[in-house]
Amino acid sequence: MSPENDYFDPTLRSVLSSRFSAILREMSNTVLRASKSGVIKIARDMSCAILTYDHRLVCIEECIPIHVAAIDLTTKPLTEFFDDIEEGDAFLNNCPYTGVTHHGDLTLCVPVFCDGEPLFWTVSRAHHADVGAPVPSTYLPYAKTIYEEGLHFPGVRVERGFKENSDIIRMAKMKIRVPDIWYGDYLAQVGSCRTAEKRLKELVNKYGVETIKRFIAEWMAYGERRAIAAIKELPAGTWQYENKHDPLPGVADEGIPVRAIVSVDPEEGLVTVDVRDNIDCIEGGLNLSETCSIAACRAGVFYNIDHTIPHNEGSAQRVRVLLRDDCIVGRPRYPVGTSVATTNVTDRLVNAVSCCFAQMGAPHGMAEGGYQQALGLAVISGNDPRKGDQTYINQMFIGFGGGPGMPGHDGWLTYGGPVDGAMQILSPTEVDESMFPIIYECRELAIDTLGHGEWDGAPGTKSVYRPTHSEMKAVYCSDGDTFPSKGVSLGHDGAPSANWKRSTNGELTKLPSFHEETCYPGEAFSFVTTGGGGYGNPLKRPPDRVVATINRGWLSSGKAEEIYGVVVIPADNGIEYCVDVSATLRRRAELGVD
């Protein structure tokens, strides 16, 4: 093709990229509006994507990073398994050994044909709170193999000629505890993919197949150019970082070290992430799928470069990920368990990659973000007497870990976790109380839990909730109880998470980090999440920012004086505090601040 023919009108490129984004937003809205479960409808634990038929990511829109950063692996097995894919087909894939994150993320894939030619895949991924495991949860840290995880659909054709395969659906309904909820969520995903299929056909009809193909080539080239330009702004070198996941008794008694090596080649515009120097797979559910390993490494890089870069195949090519087989953060050894692959160890890996950038020095990098899966993200289940003893299962989204400090910014409060990228949503308490037989006694930010720094990590969340009518089971996998979020560049660690059960007489009993517990009427669950790590020396934090944190109720005056060297006195309004300038100068001088 000549240089003249290589040219693609940038205005049309902008128009078409916006059109693809609009289609994705319509996909997401379809899932959110039509789904039945709280984990999808309320907390937004779902993502959508459009790929070319040859498995290149075109674009994503407001998605969870761990869901989509390696979503190309999800459709590749389909064209290997089937040589008779036709218009009207749909495929269900939730198997970590056929390109999915973990078995709880049911993924609906629809091929899009235009004038008889397959051009795209529309993909809807959503987390389902139950897929038929031995316990009512999809997070099973002690499940050694996939045989203990529930239903796996390794790229199964569920529609042919736009008609549902009733055999597959009947099998799923028989195994799943809340079949009507599951089926409603499944149909929402089907509707999402079919809606996008229709919109893509309209788009191709309007602009023509060749124009759309040329746009995709240019869009991916543009993403690659933008990524190269961003990487050229980074210093050349190699950095490594290690953190450690909490112990898993009987499986990983000393905890799970997670190491990442990041090499930046600005001249080539390439970042290489090497995670081969990690332990072998363990006999439990914390092993990562290949999809999660790649997605975590890519996310850790993209968190630290220009956020306006298009996230497509072109930009993804500029992050090379080195994995090995039979590795806890690599390619798992079949049939080892991976049911917790999307959260715990993956969170550690995202943070490890991201913190390599912090070692480059400001303005690069960030501290460790707060870990998750305490009782605030437990999967609860039971029967609701208010609704005729109807069975319910739902993952709660009550309290997130605190976001990490980074140069120029304190951590954000609704961070979620490293794998989430702040894309999940805290459940409104009133909605949860209307949907399930529970009540919240409190939900608030926990004082003195943030990671102190020149730029603070966000504080953790604490909450108390209890069943109102009948017993309620909670299954959770709390990380950060033993090894909380680390600060970087002299920043302090965030406070650890913890979980308790309150008896009918008010006595608190601390619960294990990985646990299944039943709460009866009159009893309650209580928890606090990890705070985010701090970035930079807290003695460099301006005193007025320290006082603002105190006045928000996130920091005590004692910690302000001890850690930041800031002394406060009551303000004139008698409610807030202000800086005692002379006392602060003396205190900071005592701590060695010029």
# chains A, B, ... in the order shown; residues from 1 in each chain; ligands from 1
>>> residues_around(residues="stretch 274-288 of chain A", least_positions_apart="4", cutoff="7 Å", atoms="only C-alpha atoms", output="MDAnalysis selection string")
chainID A and resid 140:144 251 258:262 292:293 321:324 326:330 332 336:341 345:346
>>> write_last_selection(atoms="N, CA, C and O atoms", output="compact mmCIF listing (two decimals), in the first residue's frame")
# COMPACT_ATOMS: atom_id res chain seq x y z
N LEU A 140 -12.51 -20.05 46.62
CA LEU A 140 -12.29 -21.30 47.35
C LEU A 140 -10.79 -21.51 47.56
O LEU A 140 -10.14 -22.24 46.81
N PRO A 141 -10.20 -20.87 48.57
CA PRO A 141 -8.75 -20.91 48.72
C PRO A 141 -8.19 -22.30 48.97
O PRO A 141 -7.03 -22.57 48.65
N TYR A 142 -9.01 -23.20 49.52
CA TYR A 142 -8.52 -24.54 49.83
C TYR A 142 -8.86 -25.56 48.74
O TYR A 142 -8.55 -26.74 48.88
N ALA A 143 -9.48 -25.12 47.66
CA ALA A 143 -9.80 -26.03 46.55
C ALA A 143 -8.53 -26.32 45.77
O ALA A 143 -7.99 -25.47 45.07
N LYS A 144 -8.04 -27.56 45.85
CA LYS A 144 -6.76 -27.91 45.24
C LYS A 144 -6.85 -28.02 43.72
O LYS A 144 -5.87 -27.75 43.01
N VAL A 251 -1.60 -24.56 53.57
CA VAL A 251 -1.28 -24.51 52.14
C VAL A 251 -0.01 -23.68 51.91
O VAL A 251 0.90 -24.11 51.20
N VAL A 258 5.63 -12.64 46.17
CA VAL A 258 5.33 -12.30 44.79
C VAL A 258 6.40 -11.31 44.31
O VAL A 258 6.56 -10.24 44.89
N ARG A 259 7.10 -11.68 43.26
CA ARG A 259 8.21 -10.88 42.74
C ARG A 259 7.92 -10.46 41.30
O ARG A 259 7.38 -11.23 40.51
N ALA A 260 8.35 -9.23 40.98
CA ALA A 260 8.25 -8.74 39.60
C ALA A 260 9.52 -7.99 39.26
O ALA A 260 10.07 -7.28 40.09
N ILE A 261 9.98 -8.16 38.03
CA ILE A 261 11.12 -7.42 37.50
C ILE A 261 10.62 -6.65 36.29
O ILE A 261 10.07 -7.24 35.34
N VAL A 262 10.80 -5.34 36.31
CA VAL A 262 10.33 -4.48 35.22
C VAL A 262 11.54 -3.85 34.54
O VAL A 262 12.36 -3.20 35.21
N CYS A 292 -5.00 -14.00 34.12
CA CYS A 292 -4.80 -13.07 35.23
C CYS A 292 -3.35 -12.63 35.34
O CYS A 292 -3.05 -11.47 35.65
N SER A 293 -2.41 -13.56 35.10
CA SER A 293 -0.99 -13.21 35.18
C SER A 293 -0.64 -12.12 34.18
O SER A 293 0.02 -11.12 34.51
N VAL A 321 5.27 -9.66 28.55
CA VAL A 321 5.17 -10.37 29.83
C VAL A 321 5.84 -11.73 29.70
O VAL A 321 5.51 -12.51 28.78
N LEU A 322 6.76 -12.00 30.61
CA LEU A 322 7.48 -13.28 30.61
C LEU A 322 6.95 -14.15 31.74
O LEU A 322 7.05 -13.79 32.92
N LEU A 323 6.37 -15.30 31.37
CA LEU A 323 5.79 -16.24 32.33
C LEU A 323 6.51 -17.58 32.21
O LEU A 323 7.20 -17.84 31.25
N ARG A 324 6.26 -18.44 33.19
CA ARG A 324 6.71 -19.82 33.06
C ARG A 324 5.57 -20.75 33.48
O ARG A 324 4.62 -20.34 34.16
N ASP A 326 3.68 -23.91 35.42
CA ASP A 326 3.63 -24.42 36.79
C ASP A 326 4.12 -23.39 37.79
O ASP A 326 4.84 -23.69 38.74
N CYS A 327 3.71 -22.15 37.60
CA CYS A 327 4.11 -21.04 38.48
C CYS A 327 2.87 -20.38 39.03
O CYS A 327 1.87 -20.21 38.31
N ILE A 328 2.92 -19.98 40.29
CA ILE A 328 1.73 -19.40 40.92
C ILE A 328 1.29 -18.11 40.24
O ILE A 328 0.12 -17.76 40.26
N VAL A 329 2.23 -17.39 39.61
CA VAL A 329 1.87 -16.21 38.82
C VAL A 329 2.36 -16.40 37.38
O VAL A 329 3.03 -15.55 36.81
N GLY A 330 2.00 -17.52 36.81
CA GLY A 330 2.39 -17.83 35.44
C GLY A 330 1.28 -18.58 34.74
O GLY A 330 0.13 -18.16 34.75
N PRO A 332 -0.77 -21.94 35.00
CA PRO A 332 -0.99 -22.99 36.00
C PRO A 332 -0.92 -24.38 35.40
O PRO A 332 -1.12 -24.57 34.19
N VAL A 336 -4.77 -27.76 38.61
CA VAL A 336 -4.64 -27.05 39.87
C VAL A 336 -5.71 -25.95 40.00
O VAL A 336 -6.16 -25.38 39.01
N GLY A 337 -6.12 -25.67 41.24
CA GLY A 337 -7.19 -24.71 41.49
C GLY A 337 -6.77 -23.26 41.25
O GLY A 337 -5.64 -22.88 41.56
N THR A 338 -7.69 -22.48 40.70
CA THR A 338 -7.44 -21.06 40.42
C THR A 338 -8.64 -20.19 40.81
O THR A 338 -8.82 -19.11 40.27
N SER A 339 -9.47 -20.68 41.72
CA SER A 339 -10.75 -20.00 41.95
C SER A 339 -10.60 -18.60 42.52
O SER A 339 -11.50 -17.77 42.37
N VAL A 340 -9.47 -18.29 43.17
CA VAL A 340 -9.27 -16.96 43.77
C VAL A 340 -8.31 -16.15 42.89
O VAL A 340 -7.69 -15.20 43.35
N ALA A 341 -8.21 -16.52 41.64
CA ALA A 341 -7.18 -15.94 40.77
C ALA A 341 -7.36 -14.45 40.51
O ALA A 341 -6.39 -13.76 40.20
N VAL A 345 -3.65 -12.96 45.20
CA VAL A 345 -2.28 -12.95 44.70
C VAL A 345 -2.16 -12.02 43.50
O VAL A 345 -1.12 -11.39 43.28
N THR A 346 -3.22 -11.91 42.73
CA THR A 346 -3.21 -10.97 41.60
C THR A 346 -3.06 -9.54 42.08
O THR A 346 -2.34 -8.74 41.47
>>> select_by_dssp(residues="stretch 234-375 of chain A", states="strand (DSSP E or B)", output="short mmCIF file (atom, residue, chain, number, x, y, z; two decimals) with N, CA and C atoms, in the first residue's frame")
data_model
loop_
_atom_site.label_atom_id
_atom_site.label_comp_id
_atom_site.auth_asym_id
_atom_site.auth_seq_id
_atom_site.Cartn_x
_atom_site.Cartn_y
_atom_site.Cartn_z
N GLY A 237 16.21 1.27 32.33
CA GLY A 237 16.74 0.51 33.45
C GLY A 237 15.88 -0.68 33.81
N THR A 238 16.31 -1.37 34.87
CA THR A 238 15.60 -2.54 35.38
C THR A 238 15.40 -2.40 36.87
N TRP A 239 14.19 -2.65 37.32
CA TRP A 239 13.83 -2.53 38.72
C TRP A 239 13.09 -3.79 39.15
N GLN A 240 13.20 -4.14 40.42
CA GLN A 240 12.45 -5.29 40.92
C GLN A 240 11.84 -4.98 42.27
N TYR A 241 10.80 -5.70 42.57
CA TYR A 241 10.05 -5.45 43.80
C TYR A 241 9.43 -6.78 44.25
N GLU A 242 9.33 -6.94 45.57
CA GLU A 242 8.73 -8.14 46.13
C GLU A 242 7.80 -7.76 47.29
N ASN A 243 6.66 -8.37 47.33
CA ASN A 243 5.79 -8.28 48.50
C ASN A 243 5.36 -9.70 48.87
N LYS A 244 4.46 -9.82 49.81
CA LYS A 244 4.08 -11.16 50.26
C LYS A 244 2.61 -11.21 50.62
N HIS A 245 1.92 -12.20 50.05
CA HIS A 245 0.53 -12.47 50.40
C HIS A 245 0.48 -13.12 51.78
N LEU A 248 -1.66 -18.79 54.17
CA LEU A 248 -2.86 -19.60 53.99
C LEU A 248 -2.61 -20.89 54.75
N ALA A 252 0.03 -22.50 52.48
CA ALA A 252 1.20 -21.62 52.37
C ALA A 252 1.39 -20.97 53.74
N ILE A 256 2.88 -16.08 50.72
CA ILE A 256 3.24 -16.31 49.31
C ILE A 256 4.00 -15.10 48.79
N PRO A 257 5.32 -15.23 48.60
CA PRO A 257 6.08 -14.11 48.04
C PRO A 257 5.72 -13.90 46.57
N VAL A 258 5.63 -12.64 46.17
CA VAL A 258 5.33 -12.30 44.79
C VAL A 258 6.40 -11.31 44.31
N ARG A 259 7.10 -11.68 43.26
CA ARG A 259 8.21 -10.88 42.74
C ARG A 259 7.92 -10.46 41.30
N ALA A 260 8.35 -9.23 40.98
CA ALA A 260 8.25 -8.74 39.60
C ALA A 260 9.52 -7.99 39.26
N ILE A 261 9.98 -8.16 38.03
CA ILE A 261 11.12 -7.42 37.50
C ILE A 261 10.62 -6.65 36.29
N VAL A 262 10.80 -5.34 36.31
CA VAL A 262 10.33 -4.48 35.22
C VAL A 262 11.54 -3.85 34.54
N SER A 263 11.65 -4.05 33.25
CA SER A 263 12.73 -3.45 32.45
C SER A 263 12.11 -2.49 31.44
N VAL A 264 12.67 -1.29 31.37
CA VAL A 264 12.17 -0.26 30.45
C VAL A 264 13.24 0.02 29.41
N ASP A 265 12.84 -0.09 28.14
CA ASP A 265 13.71 0.25 27.02
C ASP A 265 13.07 1.41 26.27
N LEU A 270 9.47 -0.11 24.79
CA LEU A 270 9.03 -1.42 25.25
C LEU A 270 9.25 -1.56 26.75
N VAL A 271 8.25 -2.11 27.44
CA VAL A 271 8.37 -2.47 28.85
C VAL A 271 8.25 -3.98 28.95
N THR A 272 9.21 -4.61 29.62
CA THR A 272 9.18 -6.05 29.82
C THR A 272 8.95 -6.33 31.30
N VAL A 273 7.98 -7.19 31.59
CA VAL A 273 7.68 -7.59 32.96
C VAL A 273 7.99 -9.08 33.07
N ASP A 274 8.92 -9.39 33.93
CA ASP A 274 9.37 -10.77 34.11
C ASP A 274 8.93 -11.27 35.48
N ASP A 280 6.39 -22.26 42.59
CA ASP A 280 5.52 -23.13 41.81
C ASP A 280 4.08 -23.03 42.31
N VAL A 319 3.91 -3.96 25.98
CA VAL A 319 4.20 -4.56 27.30
C VAL A 319 4.41 -6.04 27.08
N ARG A 320 5.64 -6.48 27.23
CA ARG A 320 5.97 -7.89 27.05
C ARG A 320 6.00 -8.57 28.41
N VAL A 321 5.27 -9.66 28.55
CA VAL A 321 5.17 -10.37 29.83
C VAL A 321 5.84 -11.73 29.70
N LEU A 322 6.76 -12.00 30.61
CA LEU A 322 7.48 -13.28 30.61
C LEU A 322 6.95 -14.15 31.74
N ASP A 325 5.69 -22.01 33.09
CA ASP A 325 4.69 -23.01 33.41
C ASP A 325 4.80 -23.43 34.88
N CYS A 327 3.71 -22.15 37.60
CA CYS A 327 4.11 -21.04 38.48
C CYS A 327 2.87 -20.38 39.03
N ARG A 331 1.63 -19.71 34.17
CA ARG A 331 0.66 -20.59 33.53
C ARG A 331 0.45 -21.78 34.46
N VAL A 336 -4.77 -27.76 38.61
CA VAL A 336 -4.64 -27.05 39.87
C VAL A 336 -5.71 -25.95 40.00
#
>>> select_by_dssp(residues="stretch 94-253 of chain A", states="alpha helix (DSSP H)", output="JSON, numbers by chain")
{"A": [166, 167, 168, 169, 170, 171, 172, 173, 174, 175, 179, 180, 181, 182, 183, 184, 185, 186, 187, 188, 189, 190, 191, 192, 193, 194, 195, 196, 197, 198, 199, 200, 201, 202, 203, 204, 205, 206, 207, 209, 210, 211, 212, 213, 214, 215, 216, 217, 218, 219, 220, 221, 222, 223, 224, 225, 226, 227, 228, 229, 230, 231]}
>>> write_last_selection(atoms="C-alpha atoms", output="CSV table (one decimal), in the first residue's frame")
chain,number,residue,atom,x,y,z
A,166,SER,CA,-31.5,-25.9,26.4
A,167,ASP,CA,-29.4,-28.9,27.4
A,168,ILE,CA,-26.6,-26.7,28.6
A,169,ILE,CA,-28.9,-24.3,30.4
A,170,ARG,CA,-30.8,-27.1,32.1
A,171,MET,CA,-27.5,-28.6,33.3
A,172,ALA,CA,-26.4,-25.3,34.8
A,173,LYS,CA,-29.7,-24.6,36.5
A,174,MET,CA,-29.6,-28.0,38.1
A,175,LYS,CA,-26.1,-27.4,39.6
A,179,PRO,CA,-30.8,-20.8,39.1
A,180,ASP,CA,-33.3,-18.0,38.4
A,181,ILE,CA,-30.7,-15.4,39.4
A,182,TRP,CA,-28.0,-17.1,37.4
A,183,TYR,CA,-30.2,-17.4,34.3
A,184,GLY,CA,-31.3,-13.8,34.5
A,185,ASP,CA,-27.7,-12.7,34.6
A,186,TYR,CA,-26.8,-15.0,31.8
A,187,LEU,CA,-29.6,-13.6,29.6
A,188,ALA,CA,-28.4,-10.0,30.4
A,189,GLN,CA,-25.0,-11.0,29.0
A,190,VAL,CA,-26.6,-12.5,25.9
A,191,GLY,CA,-28.6,-9.4,25.4
A,192,SER,CA,-25.5,-7.3,25.8
A,193,CYS,CA,-23.6,-9.2,23.1
A,194,ARG,CA,-26.5,-9.3,20.7
A,195,THR,CA,-27.1,-5.6,21.1
A,196,ALA,CA,-23.5,-4.9,20.2
A,197,GLU,CA,-23.7,-7.3,17.3
A,198,LYS,CA,-26.6,-5.3,15.9
A,199,ARG,CA,-24.8,-2.0,16.4
A,200,LEU,CA,-21.6,-3.2,14.8
A,201,LYS,CA,-23.6,-4.4,11.7
A,202,GLU,CA,-25.2,-0.9,11.5
A,203,LEU,CA,-21.8,0.7,11.8
A,204,VAL,CA,-20.3,-1.5,9.0
A,205,ASN,CA,-23.3,-0.9,6.8
A,206,LYS,CA,-22.9,2.8,7.2
A,207,TYR,CA,-19.2,3.1,6.5
A,209,VAL,CA,-16.3,-3.1,5.5
A,210,GLU,CA,-13.0,-1.7,4.0
A,211,THR,CA,-13.3,1.6,5.9
A,212,ILE,CA,-13.9,-0.2,9.2
A,213,LYS,CA,-10.9,-2.5,8.5
A,214,ARG,CA,-8.7,0.4,7.7
A,215,PHE,CA,-9.9,2.2,10.9
A,216,ILE,CA,-9.1,-0.8,13.1
A,217,ALA,CA,-5.6,-1.0,11.6
A,218,GLU,CA,-5.0,2.7,12.2
A,219,TRP,CA,-6.6,2.6,15.6
A,220,MET,CA,-4.3,-0.1,16.8
A,221,ALA,CA,-1.3,1.6,15.2
A,222,TYR,CA,-2.3,4.8,17.0
A,223,GLY,CA,-2.5,2.9,20.3
A,224,GLU,CA,1.0,1.5,19.7
A,225,ARG,CA,2.4,5.0,18.8
A,226,ARG,CA,0.9,6.5,21.9
A,227,ALA,CA,2.3,3.7,24.1
A,228,ILE,CA,5.7,4.0,22.6
A,229,ALA,CA,5.7,7.8,23.1
A,230,ALA,CA,4.8,7.3,26.8
A,231,ILE,CA,7.4,4.7,27.4
>>> closest_residue(among="A:His311, A:His469, A:His128, A:Arg588", to="A:Asp389", atoms="only C-alpha atoms")
A:His469
>>> closest_residue(among="A:Asp246, A:Asp493, A:Asp544, A:Glu562", to="A:Asp580", atoms="only C-alpha atoms")
A:Asp544
>>> residues_around(residues="A:Arg157", least_positions_apart="5", cutoff="10 Å", atoms="only C-alpha atoms", output="PyMOL selection string")
chain A and resi 78+82+85+89-93+108-110+164-165+168
>>> closest_atom_pairs(of="stretch 234-310 of chain A", to="stretch 411-434 of chain A", cutoff="9 Å", atoms="only C-alpha atoms", output="JSON lines")
{"residue": "A:Ala295", "atom": "CA", "partner": "A:Val419", "partner_atom": "CA", "distance": 8.9}
{"residue": "A:Ala296", "atom": "CA", "partner": "A:Val419", "partner_atom": "CA", "distance": 7.0}
{"residue": "A:Ala299", "atom": "CA", "partner": "A:Val419", "partner_atom": "CA", "distance": 7.8}
{"residue": "A:Gly300", "atom": "CA", "partner": "A:Pro418", "partner_atom": "CA", "distance": 8.5}
{"residue": "A:Tyr303", "atom": "CA", "partner": "A:Gly421", "partner_atom": "CA", "distance": 8.3}
>>> residues_around(residues="A:Asp72", least_positions_apart="4", cutoff="8 Å", atoms="only C-alpha atoms", output="PDB file with N, CA, C and O atoms, in the first residue's frame")
ATOM      1  N   LEU A  51     -13.555  -7.345  20.179  1.00  0.00           N
ATOM      2  CA  LEU A  51     -12.318  -7.819  19.570  1.00  0.00           C
ATOM      3  C   LEU A  51     -12.553  -8.084  18.090  1.00  0.00           C
ATOM      4  O   LEU A  51     -13.697  -8.303  17.661  1.00  0.00           O
ATOM      5  N   HIS A  55      -8.990 -12.057  17.126  1.00  0.00           N
ATOM      6  CA  HIS A  55      -8.662 -11.971  18.555  1.00  0.00           C
ATOM      7  C   HIS A  55      -7.756 -10.796  18.933  1.00  0.00           C
ATOM      8  O   HIS A  55      -6.959 -10.894  19.861  1.00  0.00           O
ATOM      9  N   ARG A  56      -7.900  -9.680  18.256  1.00  0.00           N
ATOM     10  CA  ARG A  56      -7.172  -8.470  18.642  1.00  0.00           C
ATOM     11  C   ARG A  56      -8.151  -7.511  19.321  1.00  0.00           C
ATOM     12  O   ARG A  56      -9.214  -7.224  18.777  1.00  0.00           O
ATOM     13  N   LEU A  57      -7.778  -7.038  20.488  1.00  0.00           N
ATOM     14  CA  LEU A  57      -8.659  -6.146  21.235  1.00  0.00           C
ATOM     15  C   LEU A  57      -8.804  -4.819  20.503  1.00  0.00           C
ATOM     16  O   LEU A  57      -7.815  -4.141  20.207  1.00  0.00           O
ATOM     17  N   LYS A  76      -9.611 -16.859  21.682  1.00  0.00           N
ATOM     18  CA  LYS A  76      -8.701 -17.679  20.866  1.00  0.00           C
ATOM     19  C   LYS A  76      -9.049 -19.164  20.878  1.00  0.00           C
ATOM     20  O   LYS A  76      -9.024 -19.818  19.819  1.00  0.00           O
TER      21      LYS A  76
END
>>> closest_residue(among="A:Pro521, A:Pro65, A:Gly592, A:Gly208", to="A:Glu471", atoms="only C-alpha atoms")
A:Pro521
>>> atom_distance(atom1="atom CA of A:Gly38", atom2="atom CA of A:Gly376")
14.0 Å
>>> decode(residues="stretch 151-169 of chain A", atoms="N, CA, C and O atoms", output="PDB file, in the first residue's frame")
ATOM      1  N   LEU A 151     -19.039 -25.662  38.273  1.00  0.00           N
ATOM      2  CA  LEU A 151     -19.180 -25.816  36.831  1.00  0.00           C
ATOM      3  C   LEU A 151     -18.107 -25.064  36.052  1.00  0.00           C
ATOM      4  O   LEU A 151     -17.820 -23.901  36.324  1.00  0.00           O
ATOM      5  N   HIS A 152     -17.537 -25.739  35.059  1.00  0.00           N
ATOM      6  CA  HIS A 152     -16.630 -25.111  34.106  1.00  0.00           C
ATOM      7  C   HIS A 152     -17.224 -25.278  32.712  1.00  0.00           C
ATOM      8  O   HIS A 152     -17.602 -26.379  32.318  1.00  0.00           O
ATOM      9  N   PHE A 153     -17.285 -24.172  31.979  1.00  0.00           N
ATOM     10  CA  PHE A 153     -17.740 -24.199  30.583  1.00  0.00           C
ATOM     11  C   PHE A 153     -16.543 -23.815  29.720  1.00  0.00           C
ATOM     12  O   PHE A 153     -16.283 -22.628  29.496  1.00  0.00           O
ATOM     13  N   PRO A 154     -15.778 -24.764  29.225  1.00  0.00           N
ATOM     14  CA  PRO A 154     -14.541 -24.456  28.500  1.00  0.00           C
ATOM     15  C   PRO A 154     -14.788 -24.101  27.038  1.00  0.00           C
ATOM     16  O   PRO A 154     -14.389 -24.823  26.118  1.00  0.00           O
ATOM     17  N   GLY A 155     -15.455 -23.000  26.798  1.00  0.00           N
ATOM     18  CA  GLY A 155     -15.764 -22.602  25.436  1.00  0.00           C
ATOM     19  C   GLY A 155     -16.876 -23.435  24.834  1.00  0.00           C
ATOM     20  O   GLY A 155     -16.707 -24.061  23.788  1.00  0.00           O
ATOM     21  N   VAL A 156     -18.035 -23.422  25.483  1.00  0.00           N
ATOM     22  CA  VAL A 156     -19.165 -24.265  25.083  1.00  0.00           C
ATOM     23  C   VAL A 156     -20.130 -23.449  24.219  1.00  0.00           C
ATOM     24  O   VAL A 156     -20.472 -22.305  24.561  1.00  0.00           O
ATOM     25  N   ARG A 157     -20.574 -24.027  23.125  1.00  0.00           N
ATOM     26  CA  ARG A 157     -21.549 -23.336  22.282  1.00  0.00           C
ATOM     27  C   ARG A 157     -22.920 -23.405  22.955  1.00  0.00           C
ATOM     28  O   ARG A 157     -23.471 -24.487  23.148  1.00  0.00           O
ATOM     29  N   VAL A 158     -23.459 -22.268  23.298  1.00  0.00           N
ATOM     30  CA  VAL A 158     -24.734 -22.222  24.010  1.00  0.00           C
ATOM     31  C   VAL A 158     -25.873 -21.698  23.140  1.00  0.00           C
ATOM     32  O   VAL A 158     -27.035 -21.759  23.550  1.00  0.00           O
ATOM     33  N   GLU A 159     -25.547 -21.177  21.958  1.00  0.00           N
ATOM     34  CA  GLU A 159     -26.589 -20.768  21.012  1.00  0.00           C
ATOM     35  C   GLU A 159     -26.165 -21.171  19.608  1.00  0.00           C
ATOM     36  O   GLU A 159     -24.992 -21.092  19.238  1.00  0.00           O
ATOM     37  N   ARG A 160     -27.133 -21.602  18.850  1.00  0.00           N
ATOM     38  CA  ARG A 160     -26.918 -21.963  17.440  1.00  0.00           C
ATOM     39  C   ARG A 160     -28.088 -21.400  16.660  1.00  0.00           C
ATOM     40  O   ARG A 160     -29.249 -21.641  17.014  1.00  0.00           O
ATOM     41  N   GLY A 161     -27.811 -20.609  15.645  1.00  0.00           N
ATOM     42  CA  GLY A 161     -28.895 -19.997  14.893  1.00  0.00           C
ATOM     43  C   GLY A 161     -29.748 -19.090  15.755  1.00  0.00           C
ATOM     44  O   GLY A 161     -30.970 -19.019  15.571  1.00  0.00           O
ATOM     45  N   PHE A 162     -29.124 -18.404  16.694  1.00  0.00           N
ATOM     46  CA  PHE A 162     -29.776 -17.488  17.635  1.00  0.00           C
ATOM     47  C   PHE A 162     -30.706 -18.206  18.610  1.00  0.00           C
ATOM     48  O   PHE A 162     -31.478 -17.561  19.322  1.00  0.00           O
ATOM     49  N   LYS A 163     -30.639 -19.534  18.658  1.00  0.00           N
ATOM     50  CA  LYS A 163     -31.493 -20.290  19.572  1.00  0.00           C
ATOM     51  C   LYS A 163     -30.651 -20.924  20.675  1.00  0.00           C
ATOM     52  O   LYS A 163     -29.563 -21.463  20.419  1.00  0.00           O
ATOM     53  N   GLU A 164     -31.186 -20.900  21.868  1.00  0.00           N
ATOM     54  CA  GLU A 164     -30.486 -21.384  23.051  1.00  0.00           C
ATOM     55  C   GLU A 164     -30.369 -22.904  23.068  1.00  0.00           C
ATOM     56  O   GLU A 164     -31.312 -23.619  22.692  1.00  0.00           O
ATOM     57  N   ASN A 165     -29.221 -23.385  23.502  1.00  0.00           N
ATOM     58  CA  ASN A 165     -29.034 -24.817  23.720  1.00  0.00           C
ATOM     59  C   ASN A 165     -29.613 -25.153  25.096  1.00  0.00           C
ATOM     60  O   ASN A 165     -28.963 -24.956  26.118  1.00  0.00           O
ATOM     61  N   SER A 166     -30.816 -25.654  25.118  1.00  0.00           N
ATOM     62  CA  SER A 166     -31.517 -25.866  26.385  1.00  0.00           C
ATOM     63  C   SER A 166     -30.846 -26.924  27.255  1.00  0.00           C
ATOM     64  O   SER A 166     -30.990 -26.907  28.483  1.00  0.00           O
ATOM     65  N   ASP A 167     -30.121 -27.855  26.648  1.00  0.00           N
ATOM     66  CA  ASP A 167     -29.436 -28.881  27.433  1.00  0.00           C
ATOM     67  C   ASP A 167     -28.393 -28.255  28.358  1.00  0.00           C
ATOM     68  O   ASP A 167     -28.286 -28.602  29.541  1.00  0.00           O
ATOM     69  N   ILE A 168     -27.612 -27.334  27.817  1.00  0.00           N
ATOM     70  CA  ILE A 168     -26.570 -26.668  28.615  1.00  0.00           C
ATOM     71  C   ILE A 168     -27.200 -25.854  29.736  1.00  0.00           C
ATOM     72  O   ILE A 168     -26.749 -25.886  30.891  1.00  0.00           O
ATOM     73  N   ILE A 169     -28.246 -25.139  29.413  1.00  0.00           N
ATOM     74  CA  ILE A 169     -28.900 -24.289  30.421  1.00  0.00           C
ATOM     75  C   ILE A 169     -29.519 -25.149  31.513  1.00  0.00           C
ATOM     76  O   ILE A 169     -29.423 -24.824  32.706  1.00  0.00           O
TER      77      ILE A 169
END
